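To start, the structure under review is shown below, and the notes come after it.
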Amino acid sequence: MRLGERVERAGDWPTAIDIYRRGLEADNLTESLHRGLMRALAATGDRAEAINAYRRCRELLSIVLGIKPSAETEALHQGIAAARSETSGS
């Protein structure tokens with residue numbers, strides 16, 4: 001997670017995406033890794049894939065742990081969805 005955040009601060013979004021995806025391969029229930037992936041994807045302009053990352057997170061947490069995403073994850077999702085709506089003209 002720390003490495004991903006460091007790479008994010010440097011603005012190296014493709015590397016951040018790779019780091020977060022690798023982290024999720026190791027532990028797909030770490031919500032902070034899902035948020036990092038969402039942020040990095042959104043930063044590249046791929047908001048649709050960022051929203052898909054949120055959906056995968058939500059489904060995994062629900063199915064495996066029986067919980068909903070945190071308020072922080074929900075807020076990030078809402079921000080990405082709102083930005084997507086603004087850029088698509090909806």
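Chain identifiers are assigned as A, B, and so on, following the order in which chains appear in the structure tokens; residues are numbered from 1 within each chain, and ligands are numbered from 1 in order of appearance.
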Can you pull out every residue from chain A that DSSP, working from the backbone, puts in alpha helix (DSSP H), and format the result as a ChimeraX atom specification?
/A:2-10,13-26,31-43,47-60,71-88
All residues 6 Å or closer to A:Ala50, only C-alpha atoms, same chain fewer than 5 positions away omitted, as a ChimeraX atom specification
/A:38,41-42
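Considering only C-alpha atoms, the residue among A:Arg21, A:Arg2, A:Arg47, A:Arg56 positioned nearest to A:Ala83 is A:Arg47.
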When distances are computed from only C-alpha atoms, which of A:Ala40, A:Leu60, A:Ile51, A:Leu29 shows the smallest separation from A:Ala16?
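Closest residue, counting only C-alpha atoms: A:Ala40.
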Name the residues in contact with A:Ala71 at a cut-off of 12 Å, using only C-alpha atoms, excluding same-chain residues fewer than 5 positions from it; report them as a list in words.
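Neighbouring residues, sequence-local ones excluded: Glu31, Ser32, Arg35, Arg58, Leu76, His77 and Gln78 of chain A.
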Would you mind exporting C-alpha atoms of the selected residues as a tab-separated table (two decimals), in the first residue's frame?
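Written file, result-v9.tsv:
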```tsv
chain	number	residue	atom	x	y	z
A	31	GLU	CA	-10.26	-2.20	0.91
A	32	SER	CA	-7.46	0.38	0.84
A	35	ARG	CA	-9.42	2.51	-3.25
A	58	ARG	CA	-18.37	-4.07	-2.99
A	76	LEU	CA	-14.46	7.96	-3.59
A	77	HIS	CA	-16.93	6.02	-5.75
A	78	GLN	CA	-19.43	8.89	-5.67
```
Hey, which of A:Arg55, A:Lys68, A:Arg9, A:Arg22 ends up closest to A:Ala81? Count only C-alpha atoms.
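Closest residue, counting only C-alpha atoms: A:Arg55.
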Considering only C-alpha atoms, can you say which of A:Glu5, A:Asp12, A:Glu86, A:Glu25 comes closest to A:Thr44?
A:Asp12
Which one is closest to A:Ser85: A:Ala48, A:Ala43, A:Leu33, A:Ala26? Count only C-alpha atoms.
A:Ala48
